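S.K.: File follows, final-v3.tsv with TSV, C-alpha atoms:
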chain	number	residue	atom	x	y	z
L	1	MET	CA	58.17	58.89	125.85
L	2	ASN	CA	55.25	59.52	128.20
L	3	LYS	CA	55.92	57.65	131.44
L	4	GLU	CA	52.29	56.50	131.51
L	5	ASN	CA	52.95	54.52	128.31
L	6	GLN	CA	56.11	52.86	129.53
L	7	LEU	CA	55.89	49.18	130.35
L	8	PRO	CA	56.91	48.30	133.94
L	9	SER	CA	60.39	47.01	134.66
L	10	MET	CA	62.69	46.37	137.60
L	11	ALA	CA	66.35	45.53	138.10
L	12	THR	CA	68.84	44.64	140.79
L	13	HIS	CA	72.40	43.44	141.29
L	14	ALA	CA	73.52	40.36	143.19
L	15	GLN	CA	76.69	39.38	144.97
L	16	VAL	CA	77.43	35.68	144.53
L	17	PHE	CA	79.33	33.47	146.98
L	18	ASN	CA	80.70	29.98	146.32
L	19	GLN	CA	79.54	27.59	149.03
L	20	LYS	CA	82.77	25.56	148.70
L	21	HIS	CA	84.72	28.51	150.09
L	22	LEU	CA	84.98	28.64	153.87
L	23	ASN	CA	85.27	32.43	153.89
L	24	GLU	CA	82.73	34.99	152.70
L	25	ARG	CA	84.61	35.92	149.55
L	26	ILE	CA	82.48	37.15	146.67
L	27	MET	CA	83.03	35.04	143.56
L	28	PHE	CA	80.75	36.62	140.94
L	29	LYS	CA	78.36	39.50	140.52
L	30	TYR	CA	75.36	39.72	138.25
L	31	GLN	CA	72.74	42.14	137.06
L	32	LEU	CA	69.16	40.86	136.87
L	33	SER	CA	66.51	42.82	135.01
L	34	VAL	CA	62.83	42.06	134.43
L	35	ARG	CA	60.44	43.92	132.17
L	36	MET	CA	57.09	43.62	130.49
L	37	LEU	CA	56.92	43.21	126.72
L	38	ASP	CA	54.09	44.10	124.38
L	39	GLY	CA	51.40	41.44	124.27
L	40	GLY	CA	51.56	40.59	127.97
L	41	LYS	CA	54.84	38.69	127.88
L	42	CYS	CA	57.69	39.16	130.38
L	43	GLU	CA	61.43	39.20	129.75
L	44	ALA	CA	64.20	38.50	132.24
L	45	GLU	CA	67.91	38.90	131.62
L	46	ARG	CA	70.83	37.99	133.84
L	47	ILE	CA	74.36	39.17	133.04
L	48	TRP	CA	77.27	37.69	134.99
L	49	TYR	CA	80.51	39.51	135.76
L	50	GLY	CA	83.77	38.64	137.44
L	51	LEU	CA	85.09	40.68	140.34
L	52	ASP	CA	87.09	42.87	137.96
L	53	ALA	CA	83.86	43.62	136.03
L	54	ASP	CA	84.76	41.39	133.07
L	55	PHE	CA	81.75	39.94	131.25
L	56	LEU	CA	81.35	36.20	131.86
L	57	ALA	CA	77.91	35.01	130.78
L	58	LYS	CA	74.43	36.06	129.78
L	59	GLU	CA	71.01	34.41	130.12
L	60	ARG	CA	67.68	35.63	128.78
L	61	ILE	CA	64.14	34.24	128.87
L	62	VAL	CA	60.70	35.26	127.63
L	63	TRP	CA	57.71	34.02	129.64
L	64	CYS	CA	53.96	34.51	129.41
L	65	PRO	CA	51.17	33.70	131.91
L	66	GLU	CA	49.15	31.62	129.45
L	67	ASN	CA	51.91	29.37	128.08
L	68	GLY	CA	54.90	29.71	130.41
L	69	LEU	CA	58.44	29.73	129.00
L	70	GLN	CA	58.55	30.84	125.37
L	71	GLU	CA	62.23	31.53	124.68
L	72	ALA	CA	65.57	31.01	126.42
L	73	THR	CA	69.10	31.92	125.39
L	74	MET	CA	72.51	31.56	127.00
L	75	LEU	CA	75.98	32.77	126.11
L	76	GLN	CA	79.28	31.85	127.78
L	77	PRO	CA	82.11	33.30	125.66
L	78	HIS	CA	84.89	31.91	127.86
L	79	LEU	CA	83.66	28.42	126.90
L	80	ASN	CA	82.83	29.37	123.28
L	81	GLU	CA	79.32	28.24	124.11
L	82	SER	CA	75.92	29.60	123.07
L	83	GLY	CA	72.45	28.13	122.94
L	84	THR	CA	68.81	28.96	122.28
L	85	LEU	CA	65.49	27.30	122.99
L	86	LEU	CA	62.15	28.14	121.36
L	87	VAL	CA	59.05	26.61	122.94
L	88	ASN	CA	55.69	25.95	121.30
L	89	GLY	CA	53.39	24.09	123.67
L	90	GLN	CA	55.07	20.85	124.71
L	91	GLN	CA	57.58	21.06	121.86
L	92	GLY	CA	60.94	22.80	121.89
L	93	GLN	CA	63.57	23.62	119.27
L	94	SER	CA	67.08	23.70	120.76
L	95	ASP	CA	70.18	25.09	119.02
L	96	LEU	CA	73.64	24.74	120.55
L	97	SER	CA	77.20	25.62	119.62
L	98	SER	CA	79.82	24.37	122.08
L	99	GLN	CA	82.69	21.98	122.59
L	100	ARG	CA	80.08	19.18	122.59
L	101	THR	CA	79.15	20.06	118.99
L	102	GLN	CA	82.74	20.76	117.85
L	103	PHE	CA	81.57	24.40	117.81
L	104	ASN	CA	79.16	23.70	114.98
L	105	LEU	CA	75.50	24.64	115.34
L	106	ASN	CA	73.51	21.57	116.37
L	107	SER	CA	69.69	21.62	116.28
L	108	LYS	CA	67.55	19.23	118.30
L	109	SER	CA	63.81	18.83	118.88
L	110	LEU	CA	62.62	18.33	122.45
L	111	THR	CA	59.30	17.07	123.78
L	112	PHE	CA	58.49	18.22	127.31
L	113	ALA	CA	56.50	16.14	129.77
L	114	LYS	CA	55.51	19.20	131.81
L	115	CYS	CA	55.72	22.96	131.36
L	116	PRO	CA	59.40	23.76	130.66
L	117	CYS	CA	61.43	26.14	132.79
L	118	THR	CA	64.94	27.41	133.42
L	119	MET	CA	66.47	28.75	136.63
L	120	LEU	CA	65.75	32.25	135.30
L	121	SER	CA	62.07	31.56	134.54
L	122	ILE	CA	61.27	29.79	137.83
L	123	PRO	CA	60.41	33.01	139.76
L	124	PHE	CA	57.67	33.68	137.20
L	125	GLU	CA	56.26	30.19	137.71
L	126	VAL	CA	56.41	30.70	141.49
L	127	MET	CA	54.55	34.01	141.13
L	128	HIS	CA	51.97	32.46	138.80
L	129	HIS	CA	51.32	29.53	141.18
L	130	TRP	CA	51.87	31.43	144.45
L	131	GLN	CA	48.58	30.51	146.12
L	132	GLN	CA	48.87	26.83	145.20
L	133	LEU	CA	52.39	26.69	146.63
L	134	ILE	CA	51.30	28.44	149.84
L	135	ALA	CA	48.47	25.90	150.12
L	136	GLY	CA	51.06	23.10	150.15
L	137	GLU	CA	50.70	21.90	146.59
L	138	THR	CA	53.72	20.59	144.69
L	139	LEU	CA	54.39	22.08	141.27
L	140	HIS	CA	56.00	19.81	138.66
L	141	LEU	CA	58.00	21.37	135.82
L	142	ASP	CA	60.44	20.23	133.14
L	143	TYR	CA	63.84	21.87	133.64
L	144	ALA	CA	65.45	22.66	130.26
L	145	VAL	CA	69.26	22.46	130.19
L	146	LEU	CA	70.38	24.45	127.15
L	147	LYS	CA	74.06	23.51	127.46
L	148	VAL	CA	73.30	19.81	126.84
L	149	GLN	CA	70.03	20.12	124.85
L	150	ALA	CA	68.16	18.03	127.38
L	151	HIS	CA	65.54	18.37	130.11
L	152	THR	CA	64.66	16.72	133.41
L	153	GLY	CA	61.75	16.84	135.83
L	154	VAL	CA	61.86	19.08	138.89
L	155	SER	CA	59.40	19.58	141.74
L	156	LEU	CA	58.71	22.88	143.50
L	157	THR	CA	57.55	23.02	147.11
L	158	MET	CA	57.21	25.91	149.55
L	159	PHE	CA	58.09	26.09	153.23
L	160	THR	CA	58.61	28.83	155.79
L	161	GLU	CA	62.05	29.67	157.13
L	162	GLY	CA	61.94	32.54	159.61
L	163	LYS	CA	60.59	35.61	157.80
L	164	TYR	CA	60.95	33.98	154.38
L	165	LYS	CA	58.75	31.89	152.15
L	166	VAL	CA	61.20	29.49	150.52
L	167	VAL	CA	60.53	27.61	147.28
L	168	SER	CA	62.74	24.55	146.91
L	169	VAL	CA	63.42	23.34	143.36
L	170	THR	CA	64.46	19.68	143.50
L	171	PRO	CA	65.38	17.30	140.66
L	172	GLU	CA	63.06	14.30	140.52
L	173	LYS	CA	65.80	11.90	139.40
L	174	TRP	CA	67.93	10.68	142.30
L	175	PHE	CA	71.23	11.14	140.43
L	176	TRP	CA	70.70	14.88	139.91
L	177	ARG	CA	69.42	15.26	143.49
L	178	LEU	CA	72.63	13.64	144.73
L	179	LEU	CA	74.81	15.79	142.49
L	180	PHE	CA	73.17	19.21	142.86
L	181	GLY	CA	70.66	18.97	145.70
L	182	SER	CA	67.90	21.58	145.74
L	183	THR	CA	68.04	25.20	144.65
L	184	LYS	CA	66.11	27.47	147.02
L	185	TYR	CA	64.46	30.78	146.17
L	186	TYR	CA	63.84	33.05	149.17
L	187	PHE	CA	60.86	35.41	149.11
L	188	GLU	CA	60.23	38.11	151.69
L	189	GLY	CA	56.93	38.11	153.56
L	190	ASP	CA	53.72	36.85	151.99
L	191	ALA	CA	54.29	38.00	148.41
L	192	PRO	CA	56.71	36.95	145.63
L	193	LYS	CA	59.44	39.43	146.61
L	194	LEU	CA	62.68	37.65	145.74
L	195	VAL	CA	65.67	38.45	147.99
L	196	LYS	CA	68.20	35.64	147.47
L	197	ILE	CA	68.84	32.30	145.75
L	198	ILE	CA	70.87	29.43	147.20
L	199	GLY	CA	71.92	26.46	145.08
L	200	LEU	CA	72.96	25.87	141.47
L	201	LEU	CA	74.64	28.83	139.77
L	202	GLU	CA	75.67	29.86	136.29
L	203	PRO	CA	78.17	30.29	134.74
L	204	ARG	CA	80.12	27.08	134.80
L	205	ASP	CA	83.80	26.56	133.98
L	206	ARG	CA	86.36	23.92	133.04
L	207	ASN	CA	89.15	22.65	135.26
L	208	SER	CA	92.74	21.88	134.26
L	209	ARG	CA	91.71	18.42	133.01
L	210	GLY	CA	89.05	19.87	130.75
L	211	LYS	CA	86.14	18.66	132.89
L	212	TYR	CA	83.20	20.98	133.42
L	213	VAL	CA	82.81	22.53	136.87
L	214	GLU	CA	79.36	23.48	138.16
L	215	TYR	CA	79.10	26.09	140.92
L	216	LEU	CA	76.84	25.95	143.95
L	217	GLY	CA	76.45	28.99	146.15
L	218	ARG	CA	74.41	32.00	147.26
L	219	ALA	CA	73.21	35.01	145.28
L	220	ILE	CA	72.22	37.91	147.55
L	221	PHE	CA	70.33	40.79	145.91
L	222	ASP	CA	71.04	44.44	146.60
L	223	ASN	CA	67.30	45.12	146.64
L	224	THR	CA	64.16	43.01	146.54
L	225	LEU	CA	62.58	42.04	143.22
L	226	ASP	CA	58.80	42.24	143.67
L	227	PHE	CA	57.35	40.05	140.93
L	228	SER	CA	53.80	40.96	141.94
L	229	THR	CA	54.29	44.43	140.40
L	230	ILE	CA	54.73	43.13	136.84
L	231	LYS	CA	51.53	44.12	135.09
L	232	GLY	CA	49.74	41.26	133.34
L	233	CYS	CA	51.66	38.64	135.32
L	234	GLU	CA	49.88	39.08	138.65
L	235	TYR	CA	50.04	36.18	141.05
L	236	ALA	CA	46.77	34.40	141.78
Spit out the file's structure as structure tokens when you get a sec.

M.R.:
Amino acid sequence: MNKENQLPSMATHAQVFNQKHLNERIMFKYQLSVRMLDGGKCEAERIWYGLDADFLAKERIVWCPENGLQEATMLQPHLNESGTLLVNGQQGQSDLSSQRTQFNLNSKSLTFAKCPCTMLSIPFEVMHHWQQLIAGETLHLDYAVLKVQAHTGVSLTMFTEGKYKVVSVTPEKWFWRLLFGSTKYYFEGDAPKLVKIIGLLEPRDRNSRGKYVEYLGRAIFDNTLDFSTIKGCEYA
């Protein structure tokens, strides 16, 4: 294939630390890739691995500048859990197979109050609204949770921390704020160049009593992901 006809893409790896650990022990690793699709859409995929390189989980989203999140999928084989979300405007079609559904496929319609997002699609929203965030505006989105076929409001605000522009993603409901706090995306300099994420992580797990365990921690990238280079998704 002629390189001039290839659509742009980028990829990096991350080392992930659990904030509950007092030492600096790596807990997970993941590969994050971003690429342009035909028709101006963007795709991002995140594949999680354990320290012995065993596959743990996979997330994928499709996003477009005009309509935001279009598709989202997740797979966590160790929990026998998989889910998809298709978005059309303010409407979503969610399919889930997990312990919650007795491992049967359960379909549910969702109506979003704001533009839907996932943790994987948020960098695209940050890029798309970069100038508004820098100007001090708050961005309100509807965070879609595929593993429970639900959604909840989140607010995005930007502040400066040393050499970084930091976008804080905070649940609007007090209960989720108390439980998970804010997830922070760190961008280098004055452009949407993502270098690390601190806060809510995937995948999750179950403890000895069968209760789900959510991880909070830090994902540090091997190299910067410059979202401003994705053709057709330029930040304003």

S.K.: Taking a cut-off of 12 Å and counting all atoms listed in the file, can you build a table that, for each residue of range 77-158 of chain L near range 206-212 of chain L, reports the nearest atom pair and how far apart they are in Å (one decimal), sorted by chain then residue number, as CSV?

M.R.:
residue,atom,partner,partner_atom,distance
L:His78,CA,L:Arg206,CA,9.6
L:Leu79,CA,L:Arg206,CA,8.1
L:Asn80,CA,L:Arg206,CA,11.7
L:Gln99,CA,L:Gly210,CA,10.6
L:Arg100,CA,L:Tyr212,CA,11.4
L:Lys147,CA,L:Tyr212,CA,11.2
L:Val148,CA,L:Tyr212,CA,11.9

S.K.: Need to verify the contact set: Thr73 in chain L, 7 Å, all atoms listed in the file, exclusion of same-chain residues closer than 5 positions in sequence. Can you return it as a PDB file with C-alpha atoms, keeping the file's coordinate frame?

M.R.:
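Okay, result28.pdb is ready:
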ATOM      1  CA  GLU L  59      71.010  34.410 130.120  1.00  0.00           C
ATOM      2  CA  ARG L  60      67.680  35.630 128.780  1.00  0.00           C
ATOM      3  CA  ILE L  61      64.140  34.240 128.870  1.00  0.00           C
ATOM      4  CA  GLY L  83      72.450  28.130 122.940  1.00  0.00           C
ATOM      5  CA  THR L  84      68.810  28.960 122.280  1.00  0.00           C
ATOM      6  CA  LEU L  85      65.490  27.300 122.990  1.00  0.00           C
TER       7      LEU L  85
END

S.K.: Please provide the set of residues having any atom within 9 Å of Ala44 in chain L, restricted to all atoms listed in the file, with same-chain residues fewer than 3 positions apart removed, written as a list in words.

M.R.: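 The contact residues come out as Leu32, Ser33, Val34, Arg35, Met36, Glu59, Arg60, Ile61, Val62, Trp63, Leu120 and Ser121 of chain L.
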
S.K.: How many Å separate CA of Gln132 in chain L from CA of Lys165 in chain L?

M.R.: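 So the two atoms, CA of Gln132 in chain L and CA of Lys165 in chain L, lie 13.1 Å apart.
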
S.K.: Could you tell me how far CA of Leu179 in chain L sits from CA of Glu43 in chain L, in Å to one decimal place?

M.R.: 29.8 Å

S.K.: At what distance in Å, to one decimal, does CA of Val167 in chain L lie from CA of Gly199 in chain L?

M.R.: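 Pair CA of Gly199 in chain L / CA of Val167 in chain L returns 11.7 Å.
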
S.K.: So, counting only C-alpha atoms, which residue among L:Trp130, L:Tyr30, L:Phe187, L:Phe180 is closest to Val154 in chain L?

M.R.: L:Phe180

S.K.: Residues near His13 in chain L, anyone? I mean within 10 Å using all atoms listed in the file, not counting same-chain ones fewer than 6 positions away, as a ChimeraX atom specification.

M.R.: /L:29-33,46-48,219-224

S.K.: With a distance cut-off of 7 Å and all atoms listed in the file, select the neighbouring residues of Gly40 in chain L, excluding the residue or stretch itself and same-chain residues fewer than 2 positions from it, and output the selection as a PyMOL selection string.

M.R.: chain L and resi 36-38+42+64+232

S.K.: Write out as a PyMOL selection string each polymer residue whose atoms come within 10 Å of Thr138 in chain L, counting only C-alpha atoms; drop sequence neighbours fewer than 2 positions from it.

M.R.: chain L and resi 129+132-136+140-141+155-158

S.K.: Ranking L:Tyr215, L:Phe55, L:Phe227, L:Phe175 by minimum distance to Ala191 in chain L and counting all atoms listed in the file, which one comes first?

M.R.: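 The shortest atom-to-atom distance to Ala191 in chain L comes from L:Phe227.
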
S.K.: Of the residues L:Ile197, L:Val126, L:Leu86, L:Ala57, which is the one nearest to Ala144 in chain L, using all atoms listed in the file?

M.R.: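 Distance minimum relative to Ala144 in chain L lands on L:Leu86.
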